[in-house]
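K.L.:
What follows is a structure written as structure tokens; I'll ask about it next.
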Amino acid sequence: MKVLSLFFGLLLSFSSLAHPDYLPLHNLKPVLSKRLFLGVIGLMRRSFSPLAHQDGRELVIYSDYDSHWPQAFARRWDTDQVLIHGGMAGLPGTTEDSLALTLCHELGHLYGGEPYSDSHNRISAEGQADYWASMLCFPQVLALLPKRTPSRASLKMCEDNIDCARTLDAALVMTAFFADNRRIPHPEVTTPDESVAHEVLLTHPEPQCRLDTFWAGIHKKPRPQCWMPSIP
């Protein structure tokens with residue numbers, strides 16, 4: 001794992017976790033310790049480096065725990081790169097699970113497949129990164145993360161399936177952050193986005209739509225039409 005702080009100044013051509021127009025003006029001090037923060041990053045790099053190796057490339061995760069900016073990025077340059085700031089360890093309700101799902105989203109930009117927001121660099125669209133994160137990435141590392149007791153609400157929604165509930169808890173932390181940035185109510189599984197996109201949305205969907213996408217990925221259901229309309 002490589003740590004580089006000045007590297008974060010170069011933000012062009014990145015695919016980011018949250019739309020930059022909605023980022024909070026305040027910094028978030030980490031809730032997770034540096035040891036836990038770096039531990040999750042190391043786990044994710046070890047678990048998904050083989051995907052880069054299949055393409056003859058290297059996966060590098062740059063991190064700066066001392067940067068309290070709540071943001072993460074992915075890009076494909078000479079290596080497959082994820083960059084994450086320490087502020088992502090300071091979101092309200094942050095756990096190792098939610099940090100892992102955040103990194104899954106970023107890895108989803110690199111390995112999630114079509115639709116692409118950048119076809120030349122094979123960078124998956126935001127919704128596709130969310131979908132891959134909950135459907136394929138998070139289940140792969142869940143057993144390697146410290147055991148957690150999911151919330152009662154998520155257990156109920158998941159009919160007592162612990163893996164489902166832990167994924168949902170992590171997704172709720174992430175999507176609440178997106179909603180807080182826009183000063184709108186937090187998404188809920190029981191209030192799905194009923195809108196239908198006119199074309200495939202390659203940028204950031206609405207927070208509710210993103211939760212719906214995580215939920216669809218958990219259950220391996222079709223991607224929500226709020227960003228991925230049915231193709232005749």
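Lettering and numbering for the structure tokens are positional, with chains as A, B, ... in the shown order, residues counted from 1 in each chain, and ligands counted from 1 in the shown order.
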Excluding range 208-225 of chain A and its own-chain neighbours fewer than 3 positions away, which residues fall within 8 Å of it when counting only C-alpha atoms? Please give them as a PyMOL selection string.
P.N.:
chain A and resi 127+130-136+164+167-168+171-172+175+186-189+191-197+205+228-230
K.L.:
Closest to Leu32 in chain A among A:Met88, A:Ile162, A:Leu201, A:Ala74, using only C-alpha atoms?
P.N.:
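With only C-alpha atoms as the atom set, the closest residue is A:Met88.
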K.L.:
Quick check, in Å to one decimal: how far apart do CA of Glu199 in chain A and CA of Phe177 in chain A lie?
P.N.:
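Result for CA of Glu199 in chain A versus CA of Phe177 in chain A: 26.0 Å, one decimal.
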K.L.:
Can you list, as a VMD selection string, every residue of range 80-179 of chain A that DSSP puts in helix (DSSP H, G or I)?
P.N.:
chain A and resid 86 to 89 96 to 111 126 to 144 152 to 157 162 to 179
K.L.:
Can I get the selection written as a compact mmCIF listing (two decimals), in the first residue's frame, with C-alpha atoms?
P.N.:
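Result saved to part21.txt:
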```txt
# COMPACT_ATOMS: atom_id res chain seq x y z
CA GLY A 86 -9.18 10.15 5.89
CA GLY A 87 -12.45 12.07 5.93
CA MET A 88 -14.14 8.96 4.55
CA ALA A 89 -13.39 7.35 7.92
CA GLU A 96 -15.12 -0.91 8.71
CA ASP A 97 -18.01 -2.30 6.66
CA SER A 98 -18.99 1.11 5.28
CA LEU A 99 -15.37 1.96 4.51
CA ALA A 100 -15.01 -1.34 2.67
CA LEU A 101 -18.19 -0.66 0.68
CA THR A 102 -16.85 2.79 -0.18
CA LEU A 103 -13.69 1.20 -1.55
CA CYS A 104 -15.83 -1.39 -3.34
CA HIS A 105 -17.58 1.46 -5.11
CA GLU A 106 -14.25 2.92 -6.23
CA LEU A 107 -13.02 -0.49 -7.34
CA GLY A 108 -16.31 -0.83 -9.18
CA HIS A 109 -15.26 2.06 -11.41
CA LEU A 110 -12.22 0.01 -12.39
CA TYR A 111 -13.69 -3.49 -12.60
CA GLU A 126 -21.48 5.67 -11.02
CA GLY A 127 -24.55 3.47 -10.82
CA GLN A 128 -22.66 0.49 -12.19
CA ALA A 129 -19.93 1.00 -9.56
CA ASP A 130 -22.59 0.92 -6.83
CA TYR A 131 -24.18 -2.20 -8.31
CA TRP A 132 -20.90 -4.10 -8.59
CA ALA A 133 -19.92 -2.98 -5.09
CA SER A 134 -22.87 -4.62 -3.34
CA MET A 135 -23.37 -7.57 -5.69
CA LEU A 136 -19.80 -8.83 -6.22
CA CYS A 137 -17.22 -6.88 -4.25
CA PHE A 138 -18.56 -6.60 -0.71
CA PRO A 139 -19.65 -10.26 -0.48
CA GLN A 140 -16.10 -11.27 -1.37
CA VAL A 141 -14.54 -9.46 1.60
CA LEU A 142 -17.36 -9.65 4.13
CA ALA A 143 -16.04 -12.78 5.81
CA LEU A 144 -12.59 -11.16 6.10
CA ARG A 152 -32.39 -4.50 13.90
CA ALA A 153 -33.99 -2.49 11.12
CA SER A 154 -31.66 -3.92 8.48
CA LEU A 155 -32.07 -7.44 9.83
CA LYS A 156 -35.82 -7.04 9.50
CA MET A 157 -35.54 -5.76 5.93
CA ILE A 162 -26.80 -11.18 8.37
CA ASP A 163 -24.71 -10.67 5.23
CA CYS A 164 -27.55 -8.78 3.58
CA ALA A 165 -28.11 -6.68 6.69
CA ARG A 166 -24.44 -5.76 7.04
CA THR A 167 -24.31 -4.69 3.41
CA LEU A 168 -27.47 -2.65 3.84
CA ASP A 169 -26.13 -0.96 6.98
CA ALA A 170 -22.99 0.04 5.07
CA ALA A 171 -25.03 1.32 2.13
CA LEU A 172 -27.22 3.38 4.46
CA VAL A 173 -24.14 5.10 5.91
CA MET A 174 -22.93 6.00 2.42
CA THR A 175 -26.25 7.18 1.03
CA ALA A 176 -27.06 9.18 4.17
CA PHE A 177 -23.79 11.03 3.55
CA PHE A 178 -24.83 11.76 -0.03
CA ALA A 179 -28.20 13.03 1.18
```
K.L.:
Pick from A:Ser63, A:Ser119, A:Thr95, A:Ser124: nearest to Gln81 in chain A, with only C-alpha atoms counted?
P.N.:
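Smallest distance to Gln81 in chain A is found for A:Ser63.
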K.L.:
Please provide as a PyMOL selection string all residues within 6 Å of range 44-61 of chain A, with the sequence filter that same-chain residues fewer than 3 positions apart are discarded (counting only C-alpha atoms).
P.N.:
chain A and resi 41+79-83
K.L.:
For the strand (DSSP E) assignment from backbone DSSP, which residues of range 59-184 of chain A qualify? Please present them as a ChimeraX atom specification.
P.N.:
/A:59-64,72-76,80-85,116-118,123-124
K.L.:
What does the structure give for the distance between CA of Trp77 in chain A and CA of Leu202 in chain A, in Å to one decimal?
P.N.:
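That distance, rounded to one decimal, is 20.2 Å.
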